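Contents: one structure, followed by commentary.
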Amino acid sequence: MQHERALVWFRRDLRLEDHAALHQALTQARRVHCVFCFDSEILAALPSRCDRRVEFIWESVRELRAALQGAGGELHVLHGPARQLIPQLAGALGVEAVYCNRDYEPQARARDAEVEQVLRAAGRRLYQLKDQVIFDHDELMTRAGTPFAVFTPYKRAWLAALEEVELRPFAVAAHSARLDPAAAPATPTLEQLGFQRTNLASLRLPTGLGGARALFEAFLPRLDHYRERRDFPALAGPSYLSTHLRFGTISIRELVRAARARSSPGADCWLSELIWRDFYFMILFHHPRVVDHAFQRERDEVVWEQDPARFCAWCEGRTGYPLVDAALRQLNQTGYMHNRLRMVAASFLTKDLGLDWRLGERYFAAQLNDFDLAANNGGWQWAASTGCDAQPYFRVFNPVTQSQRFDPQGAFIRRYVPELAACSAKEIHAPWLIDAQRRRALGLTLGESYPHPLVDHATARLAAIRRFARPAR
DNA sequence: TTTTGAGTTGTTCGA
DNA sequence: GTCGAACAACTCAAA
């Protein structure tokens, strides 16, 4: 036994099972305390006091606390600056070590480095465990010893390495008697944190461990169909686990085990998406500059348009392109956007409107329940053709073609753009092409009941390609 | 060191 | 409607 007392610091890993830091602490210490801190520095930076993510975390923390109590332990729930409160609590409890799961975002790394320093000055240790990813930033390297920069070779190396590991769950139950049950103050209310209720409860996004379990169980029978269904926003193709993966209410290892247990094209395809997640964490760790710069340095020279009115129309789902508008309205109303639509929306902002990818990235960051810096940044830079392994710049999505291909009946558009609900499946993708008489019959007045298209796609596409083309040599 | 093969998600044009 | 080529070279990763 290495330590008499330890403290497990929960952050984006709000579960009890298959939890690396908790498992390690229970293995190495006789007495284990647990803490979660609503970090006032993070909360203050949020754009709104009405934030589904905060409510989701708050609900999940309450469930985690109940689960810990059920297992014979307790969860200290703090509110304030984590980099001060965590070392303070470690001191008050007299622990020798603090255990947490590693975070890859630049700000979190800075915070953790500071906490480690303060703890060390007081003679305590901070252990950071691998838990968010299957393979850490330094575990998969090219033969030249450099980090991968292209997905496919990374994926090959990742799959080869997966063959060599067992991915056994980090069991907690065996040592749960070591959890310390000493009472802790009540969990602050949402109001005390400075936040209001949102429409979270009305969404199909159950919170906490139980919510993650329910979504996972519901997805398993669909897993084998993932590949055929995932691109159609009107279908239940994806797992809808992204927010749970973001806040760690389910373990990535459990998902990978499930994918590996099947051998179907659907399971392989889904596993590939999980590998993208590891890939972007790795990229962010090695290249923190991508947070506000193009991964491809020469793409920082691209001159973007300045047009706040158009940006605003995009945000509000008023571009006049039905699928793009449906996508943004889905985001605004629910905090979720289907992955296919994230690409369509990002392509439209950066290629059709010629606006800086960082604007869209920050808007998504503010709105997405599942917002994760690494994946969001990677996805935006892919779509904007500025990233590592990005889409070639001349490959520009056609918002009408994408609409016809991936929402052929217009079912998804009708859900979020009701003013077009009466249009036929043929008409709904490009309402400006409907002739005047038929438009009157539909009660559709462009510019009034639904906007004119903000730009002409064919023209915008050529402008986008020019924007990226290098000057003639 | 040099060479070789390959690269998430697409669109348009012309035959 | 269907098909293949062009889009534009460039860089990465492995042999």
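Ordering of the structure tokens sets the chain letters (A, B, ...), residue numbers begin anew at 1 in every chain, and ligands are numbered from 1 in the order given.
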
Find the residues of chain C that sit at most 12 Å from chain A; for each, write down the nearest two atoms and how far apart they are in Å, to one decimal. Count only C-alpha atoms (C1' of nucleotides). Sort by chain, then by number going up, and give it as JSON lines.
{"residue": "C:DA6", "atom": "C1'", "partner": "A:Phe394", "partner_atom": "CA", "distance": 11.1}
{"residue": "C:DC7", "atom": "C1'", "partner": "A:Phe394", "partner_atom": "CA", "distance": 6.5}
{"residue": "C:DA8", "atom": "C1'", "partner": "A:Phe394", "partner_atom": "CA", "distance": 8.7}
{"residue": "C:DA9", "atom": "C1'", "partner": "A:Pro392", "partner_atom": "CA", "distance": 10.6}
{"residue": "C:DC10", "atom": "C1'", "partner": "A:Pro392", "partner_atom": "CA", "distance": 10.8}
{"residue": "C:DT11", "atom": "C1'", "partner": "A:Val150", "partner_atom": "CA", "distance": 9.5}
{"residue": "C:DC12", "atom": "C1'", "partner": "A:Val150", "partner_atom": "CA", "distance": 6.7}
{"residue": "C:DA13", "atom": "C1'", "partner": "A:Pro153", "partner_atom": "CA", "distance": 7.1}
{"residue": "C:DA14", "atom": "C1'", "partner": "A:Arg143", "partner_atom": "CA", "distance": 8.0}
{"residue": "C:DA15", "atom": "C1'", "partner": "A:Arg143", "partner_atom": "CA", "distance": 11.2}

Neighbours of segment 290-298 of chain A within 6 Å (only C-alpha atoms (C1' of nucleotides); same-chain residues fewer than 5 positions away dropped), as a ChimeraX atom specification?
-> /A:386-388

Keeping only N, CA and C atoms, write those residues as a compact mmCIF listing (two decimals), in the first residue's frame.
# COMPACT_ATOMS: atom_id res chain seq x y z
N THR A 386 -8.01 23.65 -43.65
CA THR A 386 -6.85 24.30 -43.03
C THR A 386 -6.12 23.32 -42.09
N GLY A 387 -6.69 22.14 -41.88
CA GLY A 387 -6.21 21.26 -40.82
C GLY A 387 -5.22 20.22 -41.27
N CYS A 388 -4.87 19.34 -40.33
CA CYS A 388 -4.05 18.20 -40.68
C CYS A 388 -4.99 17.24 -41.39

Interface, chain B side, toward chain A (8 Å; only C-alpha atoms (C1' of nucleotides)) as a count of residues only = 4

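Here the question is which of A:Leu68, A:Cys269, A:Leu220, A:Leu167 gets nearest to Asp131 of chain A using only C-alpha atoms, and that residue is A:Leu167.
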
Which is closer to Leu26 of chain A than all the others in A:Gly73, A:Gly266, A:Pro288, A:Gly145, using only C-alpha atoms?
-> A:Gly73

Every residue of segment 83-278 of chain A that DSSP places in strand (DSSP E), as a ChimeraX atom specification | /A:97-101,125-129

File of the preceding selection, N, CA and C atoms, as a short mmCIF file (atom, residue, chain, number, x, y, z; two decimals), in the first residue's frame:
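Below is the file again-v7.cif, written as the result:
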data_model
loop_
_atom_site.label_atom_id
_atom_site.label_comp_id
_atom_site.auth_asym_id
_atom_site.auth_seq_id
_atom_site.Cartn_x
_atom_site.Cartn_y
_atom_site.Cartn_z
N ALA A 97 -1.84 11.89 -1.69
CA ALA A 97 -1.82 11.91 -3.15
C ALA A 97 -3.20 12.27 -3.69
N VAL A 98 -3.19 12.92 -4.84
CA VAL A 98 -4.42 13.21 -5.58
C VAL A 98 -4.32 12.47 -6.91
N TYR A 99 -5.42 11.79 -7.27
CA TYR A 99 -5.47 11.04 -8.53
C TYR A 99 -6.51 11.69 -9.43
N CYS A 100 -6.14 11.87 -10.70
CA CYS A 100 -7.12 12.35 -11.67
C CYS A 100 -6.80 11.73 -13.02
N ASN A 101 -7.74 11.88 -13.95
CA ASN A 101 -7.52 11.40 -15.31
C ASN A 101 -7.00 12.53 -16.18
N ARG A 125 1.45 14.26 -3.89
CA ARG A 125 1.67 13.92 -5.29
C ARG A 125 0.38 14.07 -6.09
N LEU A 126 0.54 14.37 -7.38
CA LEU A 126 -0.60 14.34 -8.30
C LEU A 126 -0.32 13.26 -9.34
N TYR A 127 -1.21 12.27 -9.42
CA TYR A 127 -1.10 11.24 -10.44
C TYR A 127 -2.12 11.53 -11.54
N GLN A 128 -1.66 11.54 -12.78
CA GLN A 128 -2.58 11.73 -13.91
C GLN A 128 -2.61 10.45 -14.72
N LEU A 129 -3.82 9.89 -14.85
CA LEU A 129 -3.97 8.59 -15.50
C LEU A 129 -4.53 8.73 -16.90
#

Long-range neighbours of Gly91 of chain A as number ranges by chain, 12 Å cut-off, only C-alpha atoms (C1' of nucleotides), 2 positions minimum in chain = A: 5-7, 84-89, 93-98, 118-125
